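Trainee: Supplied structure: structure-v3.cif, mmCIF, C-alpha atoms.
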```cif
data_data
#
loop_
_atom_site.label_atom_id
_atom_site.label_comp_id
_atom_site.auth_asym_id
_atom_site.auth_seq_id
_atom_site.Cartn_x
_atom_site.Cartn_y
_atom_site.Cartn_z
CA MET A 1 0.00 0.00 0.00
CA THR A 2 1.30 3.46 -0.87
CA GLU A 3 2.06 5.63 2.18
CA ASP A 4 0.55 9.09 2.66
CA VAL A 5 3.56 11.41 2.69
CA SER A 6 3.55 14.49 4.89
CA SER A 7 7.17 15.64 4.41
CA GLU A 8 10.32 14.60 2.61
CA GLU A 9 14.07 15.19 3.10
CA TYR A 10 16.79 14.32 0.60
CA TYR A 11 20.57 14.14 1.14
CA GLU A 12 23.34 13.16 -1.28
CA PHE A 13 26.99 12.58 -0.38
CA LEU A 14 30.19 11.89 -2.31
CA CYS A 15 31.53 8.32 -1.95
CA ASP A 16 34.28 8.01 -4.59
CA PHE A 17 35.50 9.37 -7.91
CA TYR A 18 37.72 8.26 -10.81
CA VAL A 19 39.36 9.82 -13.86
CA SER A 20 39.90 7.60 -16.91
CA ASP A 21 40.93 8.98 -20.31
CA HIS A 22 38.32 11.68 -21.04
CA ARG A 23 35.89 10.48 -18.40
CA LEU A 24 35.27 11.78 -14.89
CA VAL A 25 33.23 9.36 -12.77
CA ILE A 26 31.61 10.57 -9.55
CA ILE A 27 29.90 8.10 -7.20
CA THR A 28 27.40 9.44 -4.68
CA ASN A 29 24.97 7.98 -2.16
CA SER A 30 21.55 9.51 -1.62
CA SER A 31 19.18 9.11 1.33
CA ASN A 32 15.53 9.96 0.93
CA PHE A 33 13.61 10.28 4.21
CA LEU A 34 9.82 10.35 4.23
CA LEU A 35 7.72 11.28 7.27
CA THR A 36 4.46 9.38 6.88
CA GLU A 37 1.45 8.76 9.08
CA SER A 38 3.11 5.57 10.31
CA GLY A 39 6.52 7.16 11.00
CA TYR A 40 9.82 7.73 9.17
CA LEU A 41 10.74 5.68 6.11
CA SER A 42 14.04 5.87 4.25
CA GLN A 43 15.43 4.80 0.91
CA GLU A 44 19.09 4.76 -0.11
CA ARG A 45 20.51 4.70 -3.62
CA CYS A 46 23.95 4.78 -5.27
CA HIS A 47 24.50 7.07 -8.26
CA VAL A 48 27.26 6.94 -10.89
CA LYS A 49 27.56 10.22 -12.78
CA ILE A 50 29.80 10.10 -15.85
CA PHE A 51 31.15 13.33 -17.32
CA ASP A 52 32.95 13.93 -20.62
CA VAL A 53 35.99 16.03 -19.70
CA SER A 54 37.70 16.05 -23.09
CA ASP A 55 37.33 19.82 -22.70
CA PRO A 56 38.29 20.29 -19.01
CA GLU A 57 36.80 23.79 -18.95
CA ARG A 58 33.39 22.50 -20.07
CA PRO A 59 32.67 19.13 -18.41
CA THR A 60 29.48 17.56 -19.74
CA LEU A 61 27.27 15.09 -17.87
CA ILE A 62 26.58 12.29 -20.34
CA SER A 63 25.11 9.53 -18.17
CA THR A 64 23.58 8.95 -14.73
CA LEU A 65 23.30 5.33 -13.58
CA THR A 66 21.61 4.46 -10.28
CA GLN A 67 21.07 1.33 -8.22
CA ASP A 68 19.32 0.63 -4.93
CA GLY A 69 21.25 0.51 -1.68
CA ILE A 70 24.04 2.01 0.38
CA PHE A 71 27.52 2.27 -1.20
CA GLN A 72 29.76 -0.60 -0.10
CA ASN A 73 32.73 -0.59 -2.49
CA ALA A 74 33.86 0.36 -5.99
CA ALA A 75 36.91 -0.14 -8.19
CA LEU A 76 37.95 0.80 -11.71
CA VAL A 77 39.52 -2.14 -13.57
CA GLY A 78 40.56 -1.02 -17.03
CA SER A 79 37.55 0.82 -18.42
CA ALA A 80 35.12 -1.18 -16.28
CA LEU A 81 33.79 0.24 -13.03
CA TYR A 82 32.52 -2.31 -10.50
CA LEU A 83 30.02 -0.94 -7.96
CA LEU A 84 28.69 -2.75 -4.86
CA SER A 85 25.78 -1.65 -2.69
CA ASN A 86 23.67 -3.18 0.08
CA ALA A 87 19.93 -2.61 -0.32
CA ASP A 88 16.93 -3.27 1.91
CA VAL A 89 14.09 -5.21 0.31
CA TYR A 90 11.40 -2.69 1.22
CA ARG A 91 10.71 0.12 -1.27
CA PHE A 92 8.50 2.92 0.04
CA GLY A 93 6.04 5.14 -1.77
CA GLU A 94 5.03 2.55 -4.36
CA GLU A 95 3.68 -0.94 -4.79
CA SER A 96 6.77 -3.05 -4.07
CA ASP A 97 7.82 -6.07 -6.10
CA TYR A 98 10.47 -6.85 -3.43
CA LEU A 99 13.18 -6.98 -6.11
CA PRO A 100 16.28 -4.76 -6.30
CA HIS A 101 16.03 -1.96 -8.85
CA TYR A 102 18.35 0.12 -11.00
CA ILE A 103 17.80 3.27 -13.05
CA ASP A 104 19.64 4.01 -16.30
CA ASN A 105 19.23 7.63 -17.36
CA GLY A 106 15.74 7.85 -15.89
CA GLU A 107 14.47 4.36 -16.82
CA ASP A 108 13.60 2.37 -13.67
CA GLN A 109 13.91 -1.43 -13.94
CA SER A 110 14.06 -4.40 -11.57
CA ILE A 111 16.97 -6.82 -11.78
CA ALA A 112 15.95 -9.94 -13.71
CA ILE A 113 15.20 -12.88 -11.42
CA GLU A 114 17.67 -15.11 -13.30
CA ASN A 115 20.42 -12.66 -12.27
CA ILE A 116 19.63 -12.97 -8.54
CA SER A 117 21.28 -15.72 -6.48
CA LEU A 118 20.06 -17.03 -3.12
CA SER A 119 22.01 -17.55 0.09
CA ALA A 120 20.91 -19.57 3.08
CA PRO A 121 20.52 -19.19 5.96
CA LEU A 122 19.16 -15.67 5.46
CA HIS A 123 18.75 -13.39 8.48
CA THR A 124 18.28 -9.96 6.94
CA ALA A 125 15.83 -8.77 4.30
CA ALA A 126 18.54 -7.27 2.11
CA TYR A 127 20.32 -7.64 -1.22
CA THR A 128 23.90 -7.15 -2.36
CA ILE A 129 23.84 -5.48 -5.80
CA VAL A 130 26.84 -5.60 -8.16
CA SER A 131 27.08 -3.52 -11.34
CA GLN A 132 29.67 -3.47 -14.11
CA ILE A 133 29.74 -0.12 -15.91
CA ASP A 134 31.57 0.56 -19.17
CA ILE A 135 33.11 3.98 -18.57
CA ALA A 136 34.14 4.53 -22.20
CA ALA A 137 30.61 3.82 -23.46
CA ALA A 138 29.05 5.52 -20.40
CA GLN A 139 26.55 2.69 -19.93
CA ARG A 140 25.87 -0.26 -17.65
CA ALA A 141 27.34 -3.49 -19.04
CA GLY A 142 25.68 -5.80 -16.52
CA ILE A 143 24.06 -6.12 -13.10
CA CYS A 144 23.38 -8.94 -10.67
CA ALA A 145 22.26 -9.35 -7.06
CA MET A 146 22.30 -11.86 -4.24
CA THR A 147 20.34 -12.13 -1.02
CA GLY A 148 22.03 -10.94 2.15
CA ALA A 149 24.15 -7.87 2.85
CA THR A 150 27.90 -7.94 2.12
CA ALA A 151 30.22 -7.00 4.99
CA GLN A 152 33.65 -6.92 3.28
CA SER A 153 34.78 -7.02 -0.34
CA VAL A 154 37.89 -7.06 -2.53
CA ILE A 155 37.76 -6.07 -6.23
CA ASP A 156 40.52 -6.78 -8.77
CA GLU A 157 41.13 -7.95 -12.35
CA SER A 158 39.68 -11.41 -11.69
CA GLY A 159 36.41 -10.14 -10.33
CA LEU A 160 34.97 -9.60 -6.87
CA TYR A 161 35.30 -11.43 -3.56
CA LEU A 162 32.50 -10.82 -1.06
CA SER A 163 32.07 -11.93 2.54
CA ARG A 164 28.90 -12.10 4.62
CA THR A 165 28.59 -12.86 8.35
CA VAL A 166 25.91 -15.37 9.33
CA TYR A 167 24.65 -15.62 12.93
CA LEU A 168 23.56 -19.13 13.92
CA ASP A 169 21.71 -20.38 16.98
CA GLU A 170 21.50 -24.13 17.56
CA PRO A 171 18.79 -25.22 20.04
CA GLY A 172 19.30 -28.28 22.21
CA GLU A 173 16.81 -30.65 23.82
CA PRO A 174 14.41 -28.82 26.20
CA PHE A 175 13.96 -30.05 29.77
CA SER A 176 12.02 -29.09 32.90
CA GLU A 177 13.39 -27.65 36.12
CA ALA A 178 10.37 -26.60 38.23
CA PRO A 179 8.94 -24.03 38.02
CA TYR A 180 10.70 -23.48 34.67
CA SER A 181 10.95 -25.06 31.27
CA VAL A 182 14.54 -24.82 30.08
CA SER A 183 15.98 -24.78 26.57
CA ALA A 184 19.72 -25.01 25.90
CA HIS A 185 21.31 -23.08 23.03
CA LYS A 186 24.63 -22.72 21.26
CA ALA A 187 25.16 -19.44 19.37
CA TYR A 188 28.04 -18.87 16.96
CA THR A 189 28.98 -17.09 13.73
CA ALA A 190 30.12 -18.21 10.30
CA THR A 191 31.28 -16.42 7.17
CA GLU A 192 29.99 -16.99 3.66
CA LEU A 193 32.62 -16.10 1.05
CA LYS A 194 31.69 -15.68 -2.63
CA LYS A 195 33.49 -14.97 -5.87
CA ILE A 196 31.81 -13.00 -8.66
CA ASP A 197 33.82 -13.22 -11.88
CA SER A 198 34.40 -10.43 -14.41
CA MET A 199 31.22 -11.50 -16.26
CA LEU A 200 29.18 -10.92 -13.06
CA GLN A 201 28.60 -14.63 -12.61
CA LEU A 202 28.71 -16.28 -9.20
CA SER A 203 31.51 -18.74 -9.85
CA ALA A 204 32.34 -20.04 -6.37
CA SER A 205 31.26 -19.91 -2.73
CA GLN A 206 32.62 -21.22 0.56
CA CYS A 207 31.76 -21.17 4.25
CA LEU A 208 34.11 -21.01 7.22
CA VAL A 209 34.01 -20.71 10.97
CA GLY A 210 33.73 -17.29 12.63
CA SER A 211 33.43 -13.75 11.32
CA VAL A 212 36.08 -11.84 9.40
CA VAL A 213 38.33 -9.66 11.57
CA GLY A 214 39.12 -6.27 10.02
CA ALA A 215 39.41 -7.17 6.34
CA PHE A 216 40.58 -9.92 4.02
CA ALA A 217 43.06 -9.77 1.15
CA VAL A 218 44.16 -11.47 -2.05
CA GLU A 219 47.72 -12.24 -3.12
CA GLN A 220 48.42 -13.90 -6.47
CA ASP A 221 46.30 -17.07 -6.34
CA LYS A 222 45.48 -16.86 -2.64
CA VAL A 223 42.54 -15.45 -0.70
CA GLN A 224 43.48 -14.91 2.94
CA LEU A 225 41.24 -14.26 5.93
CA LEU A 226 41.54 -13.94 9.68
CA THR A 227 38.32 -15.00 11.41
CA ALA A 228 37.23 -14.87 15.03
CA SER A 229 34.95 -17.61 16.32
CA ASP A 230 32.63 -16.74 19.22
CA VAL A 231 30.77 -19.72 20.68
CA THR A 232 28.29 -19.03 23.47
CA GLN A 233 26.47 -21.74 25.41
CA TYR A 234 23.37 -20.42 27.19
CA GLN A 235 20.02 -21.49 28.60
CA ILE A 236 16.59 -19.84 28.43
CA PHE A 237 14.45 -20.31 31.56
CA THR A 238 10.70 -19.79 30.99
CA ASP A 239 8.41 -19.53 33.99
CA THR A 240 5.64 -22.06 33.27
CA LYS A 241 3.05 -20.05 35.25
CA TYR A 242 3.72 -16.43 34.26
CA GLY A 243 5.70 -16.84 31.00
CA TRP A 244 8.66 -14.73 32.14
CA GLU A 245 11.98 -15.52 30.49
CA ASN A 246 15.53 -15.27 31.80
CA ARG A 247 18.79 -16.06 30.05
CA LEU A 248 21.74 -17.70 31.78
CA GLU A 249 25.11 -17.78 30.00
CA ILE A 250 26.92 -21.05 30.66
CA SER A 251 30.17 -20.52 28.74
CA HIS A 252 31.78 -18.29 26.16
CA GLU A 253 34.80 -19.34 24.10
CA LYS A 254 36.73 -17.37 21.49
CA ALA A 255 39.31 -18.60 19.00
CA TYR A 256 40.99 -17.33 15.85
CA ALA A 257 41.65 -19.03 12.53
CA TYR A 258 43.93 -17.99 9.66
CA THR A 259 42.50 -19.46 6.44
CA VAL A 260 43.88 -19.58 2.90
CA PHE A 261 41.79 -20.39 -0.19
CA ASP A 262 42.89 -20.58 -3.79
CA ALA A 263 41.44 -18.27 -6.46
CA GLN A 264 38.40 -20.56 -6.87
CA LEU A 265 37.80 -20.64 -3.09
CA GLN A 266 39.08 -24.17 -2.56
CA LEU A 267 40.47 -24.57 0.96
CA GLN A 268 44.30 -24.69 1.02
CA SER A 269 45.17 -24.37 4.71
CA GLN A 270 43.70 -23.37 8.05
CA GLU A 271 45.50 -22.65 11.32
CA PHE A 272 43.65 -22.32 14.64
CA SER A 273 44.93 -20.28 17.58
CA ALA A 274 43.04 -22.32 20.22
CA THR A 275 42.01 -25.94 20.86
CA GLN A 276 38.63 -25.61 19.16
CA ALA A 277 39.69 -27.19 15.86
CA GLU A 278 37.61 -30.31 16.54
CA ASP A 279 34.42 -28.24 16.14
CA ALA A 280 35.48 -26.55 12.91
CA ASP A 281 33.95 -29.09 10.52
CA LYS A 282 30.54 -28.57 12.07
CA TYR A 283 30.70 -24.82 11.47
CA LEU A 284 32.01 -25.24 7.95
CA GLN A 285 29.12 -27.44 6.92
CA PHE A 286 26.10 -25.23 7.67
CA SER A 287 23.47 -25.44 4.95
CA GLN A 288 23.47 -23.20 1.88
CA ALA A 289 21.47 -23.12 -1.35
CA HIS A 290 22.81 -21.20 -4.32
CA THR A 291 21.90 -20.42 -7.86
CA VAL A 292 25.43 -20.97 -9.20
CA TYR A 293 26.55 -19.66 -12.57
CA PRO A 294 29.52 -21.02 -14.54
CA GLY A 295 32.68 -19.01 -14.13
CA GLY A 296 36.21 -18.76 -15.50
CA GLU A 297 39.70 -18.58 -14.02
CA GLN A 298 41.65 -15.36 -13.64
CA SER A 299 44.84 -14.40 -11.83
CA LEU A 300 44.92 -12.16 -8.77
CA PRO A 301 47.24 -9.17 -8.20
CA ARG A 302 50.05 -9.16 -5.67
CA ILE A 303 48.60 -7.69 -2.48
CA ALA A 304 49.67 -8.75 1.02
CA ILE A 305 47.62 -9.16 4.18
CA SER A 306 48.48 -7.64 7.55
CA LEU A 307 47.63 -9.45 10.79
CA THR A 308 47.97 -7.28 13.90
CA GLU A 309 49.24 -8.74 17.15
CA ASP A 310 45.93 -7.86 18.79
CA ALA A 311 43.33 -9.44 16.50
CA GLU A 312 40.60 -7.23 17.97
CA ALA A 313 42.38 -3.95 17.18
CA PRO A 314 40.53 -1.81 14.65
CA ASN A 315 42.23 -1.69 11.26
CA ALA A 316 42.12 0.68 8.33
CA LEU A 317 43.84 -1.09 5.46
CA ALA A 318 45.15 0.46 2.26
CA ALA A 319 46.77 -1.55 -0.53
CA GLY A 320 49.29 -0.55 -3.19
CA GLU A 321 51.33 -2.32 -5.86
CA SER A 322 54.21 -3.12 -3.52
CA GLY A 323 52.30 -4.19 -0.44
CA LEU A 324 49.88 -2.98 2.15
CA CYS A 325 49.70 -0.35 4.92
CA SER A 326 48.07 -1.21 8.22
CA PHE A 327 46.87 1.46 10.63
CA ALA A 328 46.23 -0.28 13.97
CA ALA A 329 45.29 1.21 17.33
CA ASP A 330 47.03 0.00 20.48
CA LEU A 331 44.05 -0.71 22.74
CA GLY A 332 45.96 -0.48 26.01
CA MET A 333 44.91 1.11 29.28
CA ASP A 334 45.75 4.64 28.11
CA GLU A 335 42.88 7.09 27.90
CA TYR A 336 43.97 7.95 24.36
CA PRO A 337 45.60 4.92 22.69
CA THR A 338 48.16 5.41 19.95
CA LEU A 339 47.47 4.84 16.26
CA TYR A 340 50.38 2.98 14.68
CA LEU A 341 51.38 2.81 11.04
CA ARG A 342 53.23 -0.17 9.59
CA THR A 343 53.78 -1.60 6.13
CA VAL A 344 53.61 -5.22 5.00
CA THR A 345 55.22 -6.41 1.77
CA PRO A 346 55.57 -9.84 0.13
CA ALA A 347 58.89 -11.57 0.82
CA GLY A 348 58.97 -14.89 -0.97
CA ASP A 349 56.37 -17.14 0.60
CA SER A 350 55.99 -14.91 3.67
CA PHE A 351 55.55 -11.24 4.54
CA ALA A 352 58.02 -8.64 5.76
CA SER A 353 56.64 -6.09 8.22
CA SER A 354 58.21 -2.75 9.12
CA ALA A 355 58.53 -1.57 12.70
CA PRO A 356 55.39 0.19 13.99
CA TYR A 357 55.48 3.98 13.70
CA ALA A 358 53.49 6.07 16.20
CA ALA A 359 51.29 8.26 14.01
CA CYS A 360 48.89 10.04 16.37
CA GLU A 361 46.66 9.62 19.40
CA TYR A 362 43.63 7.47 18.63
CA ASP A 363 40.39 8.89 20.06
CA GLY A 364 38.11 6.23 18.63
CA SER A 365 36.88 8.29 15.68
CA ALA A 366 36.90 7.14 12.06
CA VAL A 367 40.23 6.71 10.26
CA TYR A 368 40.50 7.22 6.49
CA ALA A 369 43.75 6.03 4.94
CA ALA A 370 45.36 5.50 1.57
CA TYR A 371 48.57 4.04 0.18
CA ALA A 372 50.06 5.43 -3.06
CA PRO A 373 50.25 2.89 -5.92
CA ASP A 374 54.04 3.26 -6.04
CA GLY A 375 54.22 2.21 -2.39
CA LYS A 376 56.20 5.31 -1.31
CA THR A 377 53.55 7.49 0.33
CA ALA A 378 50.79 6.92 2.87
CA VAL A 379 48.13 9.32 4.13
CA ILE A 380 45.98 9.24 7.27
CA CYS A 381 42.89 11.41 7.83
CA HIS A 382 41.90 11.34 11.48
CA GLY A 383 40.67 13.72 14.15
CA GLY A 384 40.46 16.77 11.89
CA SER A 385 43.94 16.45 10.42
CA VAL A 386 45.59 14.97 7.32
CA LYS A 387 49.09 13.50 7.75
CA LEU A 388 51.42 12.27 5.01
CA TYR A 389 54.25 9.77 5.41
CA THR A 390 57.06 8.36 3.33
CA VAL A 391 57.14 4.58 3.72
CA GLY A 392 59.78 1.98 3.02
CA ALA A 393 62.44 0.46 5.24
CA GLU A 394 61.67 3.38 7.55
CA ILE A 395 58.52 5.44 7.99
CA ARG A 396 58.82 9.22 8.26
CA GLU A 397 56.18 11.89 8.67
CA ILE A 398 56.28 14.46 5.85
CA GLY A 399 53.85 16.91 7.40
CA ALA A 400 50.32 17.52 8.62
CA LEU A 401 47.45 19.76 7.51
CA PRO A 402 44.52 20.86 9.72
CA LEU A 403 41.78 19.86 7.29
CA PRO A 404 38.28 18.97 8.55
CA VAL A 405 37.90 15.57 6.89
CA TRP A 406 35.08 13.96 8.84
CA GLY A 407 33.09 11.91 6.32
CA ASN A 408 33.71 9.29 3.68
CA THR A 409 36.92 10.18 1.87
CA ALA A 410 38.13 9.38 -1.64
CA PHE A 411 41.81 9.51 -2.68
CA LEU A 412 43.57 9.83 -6.02
CA PHE A 413 47.38 9.93 -6.35
CA SER A 414 48.73 11.53 -9.53
CA GLY A 415 52.49 12.08 -9.63
CA THR A 416 53.35 14.27 -6.65
CA THR A 417 49.75 15.43 -6.19
CA LEU A 418 47.14 13.91 -3.90
CA TYR A 419 43.49 14.63 -4.69
CA LEU A 420 41.53 14.22 -1.47
CA ALA A 421 37.72 14.45 -1.65
CA SER A 422 35.54 14.53 1.46
CA MET A 423 31.78 15.04 1.65
CA ASP A 424 31.96 18.83 1.20
CA ALA A 425 35.38 19.70 -0.23
CA VAL A 426 38.17 18.62 -2.58
CA TYR A 427 41.82 19.30 -1.63
CA LEU A 428 44.96 19.18 -3.79
CA ILE A 429 48.04 18.35 -1.71
CA ASN A 430 51.72 18.13 -2.65
CA THR A 431 52.84 14.69 -1.42
CA GLN A 432 56.52 15.71 -1.21
CA THR A 433 55.99 18.72 1.06
CA ALA A 434 52.50 18.12 2.53
CA ALA A 435 51.60 21.63 1.32
CA LEU A 436 48.03 22.49 0.35
CA ILE A 437 48.01 23.48 -3.32
CA SER A 438 44.32 24.44 -3.55
CA GLU A 439 40.89 23.56 -2.27
CA GLN A 440 37.32 23.72 -3.49
CA SER A 441 34.42 23.65 -1.01
CA PHE A 442 30.86 22.87 -1.99
CA GLY A 443 27.50 21.95 -0.49
CA VAL A 444 25.82 18.64 -1.27
CA GLY A 445 22.22 17.71 -0.52
#
```
What does the file become when written as structure tokens?
Mentor:
Amino acid sequence: MTEDVSSEEYYEFLCDFYVSDHRLVIITNSSNFLLTESGYLSQERCHVKIFDVSDPERPTLISTLTQDGIFQNAALVGSALYLLSNADVYRFGEESDYLPHYIDNGEDQSIAIENISLSAPLHTAAYTIVSQIDIAAAQRAGICAMTGATAQSVIDESGLYLSRTVYLDEPGEPFSEAPYSVSAHKAYTATELKKIDSMLQLSASQCLVGSVVGAFAVEQDKVQLLTASDVTQYQIFTDTKYGWENRLEISHEKAYAYTVFDAQLQLQSQEFSATQAEDADKYLQFSQAHTVYPGGEQSLPRIAISLTEDAEAPNALAAGESGLCSFAADLGMDEYPTLYLRTVTPAGDSFASSAPYAACEYDGSAVYAAYAPDGKTAVICHGGSVKLYTVGAEIREIGALPLPVWGNTAFLFSGTTLYLASMDAVYLINTQTAALISEQSFGVG
């Protein structure tokens, strides 16, 4: 049923941007809030706006491509832009078909059912939507979707790797303990990992114990993940006379696993950090039902993974051609922990890690970071400042700028210039001197 709308608010924010040949690609996320008789409703969409900049003084908008959902990730591979978003099933203000939609230059369409794959078990009424956009032709080359929201993703020449956390609760045999009826439960998490190839076909899927910690990475023909397994045994006591319920936690165990898959998500190795390995097979075998499409084989780029000493430390990871930068907070007893910068690079069959470099005090706010493709410069945006570093055998701070970067941030390195775009401004920064070259502020929404 269509809602009666009494007021509407619309906001649109910058998520990312790319420059390729004579094309400028801007990715935004819009939120449309409706105040109805039954309360607030919201709808989120991702927009790709493609400009012809062959004449830089007269950029021309040539295409606007939209898809349902909140921006999750994007990458430009050659002339193909891959865009991921997570979308709720519900669509307000219209009769819903409960399918994900996309809009190409004003034409609204639902994704064909044959291009939607199913995941089980399913705990959230959401879709992950993946688009492939031909930047040169300024048009969408393909789109697919799958049930469930994606938590982490990696995009490269071979396609897309997506992970989704699944929360499982296994009931035991009920029994009576007057005046209660008692049910025993075991709650734990698992991760569903999928590969979408460059033709937007779901070519492989796998399940593993626990939820992904921080992020996962790909290196040549390897997909590497660190997962944390939380297993909680508890009982629910229900008063047989009044119906009141109480929960009693019996035990809680936590363990970590480092898992390596090949490019087609076949298990290669798995190392556990606690004595819970005997339960791993049970977690790995939870049920799943997929519409699986045929896929091909591709090679993966050389990107390393960083594992912090404290697996629970928050990470902001940035990858470049020669390795990976890890920005990890030391969650000690200090009121303001320290944010450390380190680099990880491939060294034969292992990884070489630099000594941690104290970057700044960590106050718990968001960290936005990037690593230059040549592997020589890193940037951290945190706490109202932008800091640049030279990285290598040693890490050295180049300088800092007091720039109010508070929202989602996009980075583009070009020679000695860093283009830094936040929600309401674009900054040009010299990466050799950390000097601000120019800035352009604007209002969005």
Trainee: Which residue gives the smallest distance to Glu114 (chain A) among A:Val209, A:Leu84, A:Ala145, A:Val426, with all atoms listed in the file counted?
Mentor: A:Ala145
Trainee: Decode the PyMOL selection byres ((chain A and resi 187) around 12) for the given file into explicit residues and return them as an mmCIF file with C-alpha atoms, in the frame of the given file.
Mentor:
```cif
data_model
loop_
_atom_site.group_PDB
_atom_site.id
_atom_site.type_symbol
_atom_site.label_atom_id
_atom_site.label_comp_id
_atom_site.auth_asym_id
_atom_site.auth_seq_id
_atom_site.Cartn_x
_atom_site.Cartn_y
_atom_site.Cartn_z
ATOM 1 C CA VAL A 166 25.910 -15.370 9.330
ATOM 2 C CA TYR A 167 24.650 -15.620 12.930
ATOM 3 C CA LEU A 168 23.560 -19.130 13.920
ATOM 4 C CA ASP A 169 21.710 -20.380 16.980
ATOM 5 C CA GLU A 170 21.500 -24.130 17.560
ATOM 6 C CA PRO A 171 18.790 -25.220 20.040
ATOM 7 C CA GLY A 172 19.300 -28.280 22.210
ATOM 8 C CA ALA A 184 19.720 -25.010 25.900
ATOM 9 C CA HIS A 185 21.310 -23.080 23.030
ATOM 10 C CA LYS A 186 24.630 -22.720 21.260
ATOM 11 C CA TYR A 188 28.040 -18.870 16.960
ATOM 12 C CA THR A 189 28.980 -17.090 13.730
ATOM 13 C CA ALA A 190 30.120 -18.210 10.300
ATOM 14 C CA GLY A 210 33.730 -17.290 12.630
ATOM 15 C CA SER A 229 34.950 -17.610 16.320
ATOM 16 C CA ASP A 230 32.630 -16.740 19.220
ATOM 17 C CA VAL A 231 30.770 -19.720 20.680
ATOM 18 C CA THR A 232 28.290 -19.030 23.470
ATOM 19 C CA GLN A 233 26.470 -21.740 25.410
ATOM 20 C CA TYR A 234 23.370 -20.420 27.190
ATOM 21 C CA GLN A 235 20.020 -21.490 28.600
ATOM 22 C CA GLU A 249 25.110 -17.780 30.000
ATOM 23 C CA ILE A 250 26.920 -21.050 30.660
ATOM 24 C CA SER A 251 30.170 -20.520 28.740
ATOM 25 C CA HIS A 252 31.780 -18.290 26.160
ATOM 26 C CA GLU A 253 34.800 -19.340 24.100
ATOM 27 C CA LYS A 254 36.730 -17.370 21.490
ATOM 28 C CA TYR A 283 30.700 -24.820 11.470
#
```
Trainee: List as an NGL selection string the protein and nucleic acid residues near Ser176 (chain A), meaning an atom at most 12 Å away when only C-alpha atoms are counted, but skip any in the same chain fewer than 4 places from it.
Mentor: :A and (180-184 or 235-240)
Trainee: Leaving out Ser79 (chain A) and any residue of its chain fewer than 4 positions from it, which residues lie within 9 Å of it when counting all atoms listed in the file, given as a list in words?
Mentor: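 The neighbour list is Ser20, Ile133, Asp134, Ile135 and Ala136 of chain A.
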Trainee: CA of Leu14 (chain A) to CA of Leu83 (chain A): how many Å, to one decimal?
Mentor: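 Those two atoms sit 14.0 Å apart.
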Trainee: What's around region 415-422 of chain A at 12 Å? Count all atoms listed in the file, leave out sequence neighbours fewer than 6 positions away in its own chain, and write the answer as number ranges by chain.
Mentor: A: 13-19, 26-28, 368-374, 376-381, 384, 386-388, 403-409, 428-444
Trainee: Just C-alpha atoms for this one: save the residues we selected as a compact mmCIF listing (two decimals), keeping the file's coordinate frame.
Mentor:
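File produced: out-v1.txt:
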```txt
# COMPACT_ATOMS: atom_id res chain seq x y z
CA PHE A 13 26.99 12.58 -0.38
CA LEU A 14 30.19 11.89 -2.31
CA CYS A 15 31.53 8.32 -1.95
CA ASP A 16 34.28 8.01 -4.59
CA PHE A 17 35.50 9.37 -7.91
CA TYR A 18 37.72 8.26 -10.81
CA VAL A 19 39.36 9.82 -13.86
CA ILE A 26 31.61 10.57 -9.55
CA ILE A 27 29.90 8.10 -7.20
CA THR A 28 27.40 9.44 -4.68
CA TYR A 368 40.50 7.22 6.49
CA ALA A 369 43.75 6.03 4.94
CA ALA A 370 45.36 5.50 1.57
CA TYR A 371 48.57 4.04 0.18
CA ALA A 372 50.06 5.43 -3.06
CA PRO A 373 50.25 2.89 -5.92
CA ASP A 374 54.04 3.26 -6.04
CA LYS A 376 56.20 5.31 -1.31
CA THR A 377 53.55 7.49 0.33
CA ALA A 378 50.79 6.92 2.87
CA VAL A 379 48.13 9.32 4.13
CA ILE A 380 45.98 9.24 7.27
CA CYS A 381 42.89 11.41 7.83
CA GLY A 384 40.46 16.77 11.89
CA VAL A 386 45.59 14.97 7.32
CA LYS A 387 49.09 13.50 7.75
CA LEU A 388 51.42 12.27 5.01
CA LEU A 403 41.78 19.86 7.29
CA PRO A 404 38.28 18.97 8.55
CA VAL A 405 37.90 15.57 6.89
CA TRP A 406 35.08 13.96 8.84
CA GLY A 407 33.09 11.91 6.32
CA ASN A 408 33.71 9.29 3.68
CA THR A 409 36.92 10.18 1.87
CA LEU A 428 44.96 19.18 -3.79
CA ILE A 429 48.04 18.35 -1.71
CA ASN A 430 51.72 18.13 -2.65
CA THR A 431 52.84 14.69 -1.42
CA GLN A 432 56.52 15.71 -1.21
CA THR A 433 55.99 18.72 1.06
CA ALA A 434 52.50 18.12 2.53
CA ALA A 435 51.60 21.63 1.32
CA LEU A 436 48.03 22.49 0.35
CA ILE A 437 48.01 23.48 -3.32
CA SER A 438 44.32 24.44 -3.55
CA GLU A 439 40.89 23.56 -2.27
CA GLN A 440 37.32 23.72 -3.49
CA SER A 441 34.42 23.65 -1.01
CA PHE A 442 30.86 22.87 -1.99
CA GLY A 443 27.50 21.95 -0.49
CA VAL A 444 25.82 18.64 -1.27
```
Trainee: Rounded to one decimal, what separation in Å do you get between CA of Pro100 (chain A) and CA of Ala87 (chain A)?
Mentor: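 Separating CA of Pro100 (chain A) from CA of Ala87 (chain A) is a distance of 7.3 Å.
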Trainee: One decimal, Å: what's the distance from CA of Ser269 (chain A) over to CA of Tyr161 (chain A), could you say?
Mentor: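 Atom-to-atom, CA of Ser269 (chain A) and CA of Tyr161 (chain A) are spaced 18.3 Å apart.
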Trainee: Scan for residues within 9 Å of the point (20.4, 7.5, -1.4) in the coordinates of the file, using only C-alpha atoms, and reply as a PyMOL selection string.
Mentor: chain A and resi 10-13+28-32+42-47+68-71
